[in-house]
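Report on the structure given below.
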Amino acid sequence: MKSISTTIPQSGVRRPAADADAGPELQVPALERGLAILELLAQSPGGMTLAEINGVMMVPTASVFRIATALEQLGYLHRDPATKKFTLTRKPLLLGQPRGSGRGLVEASIESMRSVRTATGETAQLCCLIEEHCVVLEQLPSLHPFKYIVDLGSRPPVYCTAPGKAMLAFLPTADRDVLLNRLQLTRHTPRTITSRAVLESELAKVRSLGYAVDHGEHFEGIHCVAAPLLDGQQCTIGAITIAGPAERIPESRFHAIGNLMIEAANEAARRFLG
């Protein structure tokens, strides 16, 4: 099984500290520390022990223990009994998912994901756009022994992945321009788009076709095809994608799979919007 995960450097973790300009009524140390623990563990897919958490946050060990234990009891953290490491559960991820008429995006999309996985045999994923990140909300692993999977909550680059491009293409023009201005088009493979002009041309093509593709632009040898879930104004809600080895998803199949993904995404959007 091939497993590829995306992590974020821990240098971005905020250590909780009192704001010198804030009044006492604005300072909630336990809440700040709890959120800092969640942020830290979100960037550490392998988990961390209490000592490791304390080493980064530099607050009293007893405080870290009390807060981490409370978060575990509330269902936000899981502690491995063997390694003693804390990891995030899916609860924080699901809190941030878009919500439609009485149901979350995952609930509305799961049947469509099953449908495309059955039709293609490949890993199906549901993604949403959070700021400039494409975030993986849900995943149904491929039916093949050799498969492409990622960690839930992974944040693949929005500009060189099929779901990212599908969501970018259907943002309102002003929102898309703001987001594009914030992107750093870093090269991951020889096929990665690193030009703003080329990316905008690619997004225009996505709007015309209704689906997006990834020709091994993020990971060498991995192809993806995705379609966006759109609201009543034809704006982005999320995206459903399938991903797998290039040999099983050759470019010759992109169009047929793209139409399949459009149907699945449209059905998921209908369920989401009610």
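Labels used: A, B, ... for chains in the order of the structure tokens, numbers from 1 for residues in each chain, and numbers from 1 for ligands as shown.
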
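If you count only C-alpha atoms and ignore residues fewer than 6 places along the chain from stretch 204-218 of chain A, what sits within 7 Å of it is A:Cys160, A:Thr161, A:Ala162, A:Pro163, A:Lys165, A:Ala166, A:Ala169, A:Phe170, A:His188, A:Thr189, A:Arg191, A:Thr192, A:Cys224, A:Val225, A:Ala226, A:Ala227, A:Gly258, A:Ile262.
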
For those residues, write N, CA and C atoms to a file as an mmCIF file, in the first residue's frame.
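Output below, filename result.cif:
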```cif
data_model
loop_
_atom_site.group_PDB
_atom_site.id
_atom_site.type_symbol
_atom_site.label_atom_id
_atom_site.label_comp_id
_atom_site.auth_asym_id
_atom_site.auth_seq_id
_atom_site.Cartn_x
_atom_site.Cartn_y
_atom_site.Cartn_z
ATOM 1 N N CYS A 160 -1.947 22.555 -7.844
ATOM 2 C CA CYS A 160 -1.388 21.447 -8.623
ATOM 3 C C CYS A 160 -2.053 20.118 -8.290
ATOM 4 N N THR A 161 -3.298 20.179 -7.824
ATOM 5 C CA THR A 161 -4.086 18.971 -7.574
ATOM 6 C C THR A 161 -5.435 19.146 -8.260
ATOM 7 N N ALA A 162 -6.033 18.038 -8.667
ATOM 8 C CA ALA A 162 -7.304 18.116 -9.389
ATOM 9 C C ALA A 162 -8.417 18.749 -8.537
ATOM 10 N N PRO A 163 -8.628 18.301 -7.280
ATOM 11 C CA PRO A 163 -9.698 18.942 -6.497
ATOM 12 C C PRO A 163 -9.416 20.410 -6.221
ATOM 13 N N LYS A 165 -7.752 22.568 -8.151
ATOM 14 C CA LYS A 165 -8.031 23.334 -9.358
ATOM 15 C C LYS A 165 -9.536 23.395 -9.641
ATOM 16 N N ALA A 166 -10.251 22.291 -9.355
ATOM 17 C CA ALA A 166 -11.701 22.284 -9.572
ATOM 18 C C ALA A 166 -12.385 23.332 -8.701
ATOM 19 N N ALA A 169 -11.328 27.054 -9.804
ATOM 20 C CA ALA A 169 -11.921 27.488 -11.063
ATOM 21 C C ALA A 169 -13.308 28.091 -10.879
ATOM 22 N N PHE A 170 -14.044 27.608 -9.890
ATOM 23 C CA PHE A 170 -15.435 28.034 -9.735
ATOM 24 C C PHE A 170 -15.645 28.976 -8.547
ATOM 25 N N HIS A 188 6.712 20.837 -7.669
ATOM 26 C CA HIS A 188 6.781 19.547 -6.988
ATOM 27 C C HIS A 188 7.253 18.441 -7.928
ATOM 28 N N THR A 189 6.884 18.538 -9.188
ATOM 29 C CA THR A 189 7.339 17.599 -10.219
ATOM 30 C C THR A 189 7.600 18.413 -11.489
ATOM 31 N N ARG A 191 5.935 18.521 -13.999
ATOM 32 C CA ARG A 191 4.665 18.933 -14.604
ATOM 33 C C ARG A 191 3.920 19.990 -13.786
ATOM 34 N N THR A 192 4.447 20.370 -12.644
ATOM 35 C CA THR A 192 3.773 21.357 -11.805
ATOM 36 C C THR A 192 3.680 22.706 -12.519
ATOM 37 N N CYS A 224 -5.041 12.285 -11.004
ATOM 38 C CA CYS A 224 -6.302 12.554 -10.304
ATOM 39 C C CYS A 224 -7.272 13.227 -11.275
ATOM 40 N N VAL A 225 -8.567 12.974 -11.054
ATOM 41 C CA VAL A 225 -9.628 13.643 -11.803
ATOM 42 C C VAL A 225 -10.675 14.073 -10.786
ATOM 43 N N ALA A 226 -11.113 15.332 -10.849
ATOM 44 C CA ALA A 226 -12.024 15.859 -9.836
ATOM 45 C C ALA A 226 -13.084 16.755 -10.472
ATOM 46 N N ALA A 227 -14.211 16.848 -9.787
ATOM 47 C CA ALA A 227 -15.267 17.775 -10.201
ATOM 48 C C ALA A 227 -15.752 18.522 -8.967
ATOM 49 N N GLY A 258 -13.914 12.180 -16.093
ATOM 50 C CA GLY A 258 -14.353 13.530 -15.765
ATOM 51 C C GLY A 258 -15.863 13.661 -15.792
ATOM 52 N N ILE A 262 -18.375 14.608 -12.695
ATOM 53 C CA ILE A 262 -19.361 15.697 -12.745
ATOM 54 C C ILE A 262 -20.717 15.202 -12.244
#
```

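The shell of residues at most 9 Å from A:Ile67, with only C-alpha atoms counted and near chain neighbours (fewer than 6 positions) removed, consists of Ala30, Leu31, Arg33, Gly34 and Ile37 of chain A.
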
For A:Asn259, which of A:Leu140, A:Ala246, A:Val116, A:Leu126 is the closest residue, counting only C-alpha atoms?
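Smallest separation from A:Asn259 among the options: A:Val116.
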
Please identify which residues in stretch 8-215 of chain A DSSP calls strand (DSSP E or B) from the backbone, and express them as a PyMOL selection string.
chain A and resi 48+77-79+86-88+99+104+123-130+133-140+148-149+157+212-215

Any chance you could export the current selection's N, CA and C atoms as a compact mmCIF listing (two decimals), in the first residue's frame?
```txt
# COMPACT_ATOMS: atom_id res chain seq x y z
N MET A 48 2.02 13.13 19.45
CA MET A 48 3.05 13.63 20.36
C MET A 48 2.72 13.20 21.78
N LEU A 77 -9.25 14.35 21.02
CA LEU A 77 -7.95 13.70 20.97
C LEU A 77 -8.08 12.22 21.28
N HIS A 78 -7.12 11.46 20.77
CA HIS A 78 -7.00 10.04 21.11
C HIS A 78 -5.59 9.80 21.63
N ARG A 79 -5.49 9.04 22.72
CA ARG A 79 -4.17 8.71 23.26
C ARG A 79 -3.91 7.23 23.09
N PHE A 86 -0.62 11.48 21.85
CA PHE A 86 -1.92 12.05 21.53
C PHE A 86 -1.98 12.37 20.04
N THR A 87 -3.11 12.06 19.42
CA THR A 87 -3.37 12.45 18.04
C THR A 87 -4.77 13.03 17.96
N LEU A 88 -5.01 13.84 16.92
CA LEU A 88 -6.34 14.39 16.69
C LEU A 88 -7.28 13.29 16.22
N ARG A 99 -21.71 23.14 5.85
CA ARG A 99 -22.98 22.52 6.21
C ARG A 99 -24.09 23.08 5.34
N GLY A 104 -24.02 17.71 6.92
CA GLY A 104 -22.67 18.12 6.59
C GLY A 104 -22.28 17.69 5.20
N THR A 123 -9.12 5.29 -5.25
CA THR A 123 -9.40 6.04 -4.03
C THR A 123 -10.25 7.27 -4.34
N ALA A 124 -11.34 7.41 -3.61
CA ALA A 124 -12.21 8.59 -3.76
C ALA A 124 -12.02 9.49 -2.54
N GLN A 125 -11.92 10.78 -2.79
CA GLN A 125 -11.71 11.74 -1.72
C GLN A 125 -12.68 12.91 -1.84
N LEU A 126 -13.03 13.47 -0.70
CA LEU A 126 -13.84 14.68 -0.64
C LEU A 126 -12.97 15.79 -0.07
N CYS A 127 -12.94 16.92 -0.74
CA CYS A 127 -12.10 18.04 -0.30
C CYS A 127 -12.92 19.32 -0.18
N CYS A 128 -12.46 20.23 0.64
CA CYS A 128 -13.05 21.56 0.70
C CYS A 128 -11.92 22.57 0.72
N LEU A 129 -12.26 23.82 0.49
CA LEU A 129 -11.28 24.89 0.42
C LEU A 129 -11.32 25.67 1.73
N ILE A 130 -10.20 25.69 2.43
CA ILE A 130 -10.06 26.48 3.65
C ILE A 130 -8.90 27.44 3.44
N HIS A 133 -5.94 26.58 1.13
CA HIS A 133 -5.60 25.16 1.20
C HIS A 133 -6.74 24.27 0.72
N CYS A 134 -6.37 23.21 0.02
CA CYS A 134 -7.29 22.13 -0.34
C CYS A 134 -7.20 21.11 0.79
N VAL A 135 -8.28 20.93 1.55
CA VAL A 135 -8.25 20.07 2.74
C VAL A 135 -9.05 18.79 2.49
N VAL A 136 -8.45 17.65 2.76
CA VAL A 136 -9.10 16.35 2.57
C VAL A 136 -10.00 16.06 3.77
N LEU A 137 -11.31 16.02 3.53
CA LEU A 137 -12.29 15.80 4.59
C LEU A 137 -12.61 14.32 4.79
N GLU A 138 -12.70 13.57 3.70
CA GLU A 138 -13.09 12.16 3.77
C GLU A 138 -12.41 11.40 2.66
N GLN A 139 -12.29 10.09 2.84
CA GLN A 139 -11.56 9.25 1.89
C GLN A 139 -12.09 7.83 1.92
N LEU A 140 -12.28 7.25 0.74
CA LEU A 140 -12.62 5.83 0.61
C LEU A 140 -11.48 5.18 -0.16
N TYR A 148 -3.32 4.65 -3.53
CA TYR A 148 -2.89 5.98 -3.09
C TYR A 148 -3.85 6.44 -1.99
N ILE A 149 -3.31 6.76 -0.82
CA ILE A 149 -4.12 7.28 0.27
C ILE A 149 -3.35 8.41 0.96
N PRO A 157 -1.38 21.09 -2.10
CA PRO A 157 -1.42 22.41 -2.74
C PRO A 157 -2.64 22.55 -3.65
N ALA A 212 -11.50 18.85 -13.45
CA ALA A 212 -10.08 19.17 -13.44
C ALA A 212 -9.26 17.89 -13.37
N VAL A 213 -8.01 17.97 -13.82
CA VAL A 213 -7.13 16.80 -13.80
C VAL A 213 -5.77 17.19 -13.21
N ASP A 214 -5.08 16.19 -12.74
CA ASP A 214 -3.71 16.32 -12.22
C ASP A 214 -2.88 15.27 -12.93
N HIS A 215 -1.98 15.71 -13.83
CA HIS A 215 -1.12 14.80 -14.59
C HIS A 215 0.17 14.53 -13.83
```

Given the choices A:Val106, A:Ala174, A:Ile193, A:Arg187, which gets closest to A:Leu229 if the distance is worked out from only C-alpha atoms?
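Checking each candidate against A:Leu229, we get A:Val106 as the closest.
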
Backbone-only DSSP, helix (DSSP H, G or I) members of stretch 30-264 of chain A, as a VMD selection string:
chain A and resid 30 to 42 50 to 57 61 to 73 91 to 95 105 to 120 162 to 169 173 to 182 196 to 209 251 to 264

Please compute the atom CA of A:Arg114-atom CA of A:Gly164 distance, one decimal, in Å.
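These two atoms are separated by 20.4 Å.
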
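Proximity of A:Leu199, A:Leu35, A:Leu230, A:Ala239 to A:Pro172, computed with only C-alpha atoms, is greatest for A:Leu230.
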
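With distances taken over only C-alpha atoms, A:Pro228 is the one residue among A:Pro81, A:Pro228, A:Gly75, A:Gly121 lying closest to A:Ile240.
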
Nearest residue to A:Asp177 from the set A:Ile110, A:Leu203, A:Val64, A:Ala268 (distances using only C-alpha atoms):
A:Leu203

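Omitting stretch 194-197 of chain A and its sequence neighbours fewer than 3 positions away, and counting only C-alpha atoms, the residues within 8 Å are Leu180, Leu185, Thr186, Arg187, Glu200 and Ser201 of chain A.
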
Given the selection you just returned, output its residues as a file containing C-alpha atoms, formatted as a tab-separated table (two decimals), in the first residue's frame.
```tsv
chain	number	residue	atom	x	y	z
A	180	LEU	CA	-4.18	33.43	-6.53
A	185	LEU	CA	3.60	28.26	-7.10
A	186	THR	CA	6.31	25.89	-5.89
A	187	ARG	CA	7.43	23.11	-8.24
A	200	GLU	CA	-5.33	30.94	-15.08
A	201	SER	CA	-5.51	29.34	-18.54
```

At a cut-off of 8 Å, using only C-alpha atoms, what residues contact A:Ala269? Leave out same-chain residues fewer than 4 positions from it and give the result as a PDB file with N, CA and C atoms, in the first residue's frame.
```pdb
ATOM      1  N   ALA A 108     -23.481  14.324   2.910  1.00  0.00           N
ATOM      2  CA  ALA A 108     -24.129  14.538   1.619  1.00  0.00           C
ATOM      3  C   ALA A 108     -23.366  13.903   0.463  1.00  0.00           C
ATOM      4  N   SER A 109     -22.064  13.683   0.636  1.00  0.00           N
ATOM      5  CA  SER A 109     -21.213  13.255  -0.474  1.00  0.00           C
ATOM      6  C   SER A 109     -20.830  11.787  -0.452  1.00  0.00           C
ATOM      7  N   LEU A 229     -18.354  20.502  -6.368  1.00  0.00           N
ATOM      8  CA  LEU A 229     -19.732  20.627  -5.914  1.00  0.00           C
ATOM      9  C   LEU A 229     -20.052  22.115  -5.951  1.00  0.00           C
ATOM     10  N   LEU A 230     -21.134  22.487  -6.642  1.00  0.00           N
ATOM     11  CA  LEU A 230     -21.461  23.893  -6.844  1.00  0.00           C
ATOM     12  C   LEU A 230     -22.798  24.237  -6.209  1.00  0.00           C
ATOM     13  N   ASP A 231     -22.899  25.485  -5.705  1.00  0.00           N
ATOM     14  CA  ASP A 231     -24.164  25.931  -5.115  1.00  0.00           C
ATOM     15  C   ASP A 231     -25.071  26.506  -6.203  1.00  0.00           C
ATOM     16  N   ILE A 237     -18.455  24.714  -3.486  1.00  0.00           N
ATOM     17  CA  ILE A 237     -18.736  24.205  -2.141  1.00  0.00           C
ATOM     18  C   ILE A 237     -17.598  23.292  -1.714  1.00  0.00           C
ATOM     19  N   ALA A 265     -20.501  14.633  -8.438  1.00  0.00           N
ATOM     20  CA  ALA A 265     -20.440  15.886  -7.690  1.00  0.00           C
ATOM     21  C   ALA A 265     -21.778  16.614  -7.716  1.00  0.00           C
ATOM     22  N   LEU A 273     -27.489  20.667  -0.663  1.00  0.00           N
ATOM     23  CA  LEU A 273     -28.319  21.869  -0.700  1.00  0.00           C
ATOM     24  C   LEU A 273     -29.780  21.573  -0.370  1.00  0.00           C
TER      25      LEU A 273
END
```

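The smallest atom-to-atom distance between A:Pro45 and any of A:Pro145, A:Gly153, A:Pro245, A:Pro60, using only C-alpha atoms, is found for A:Gly153.
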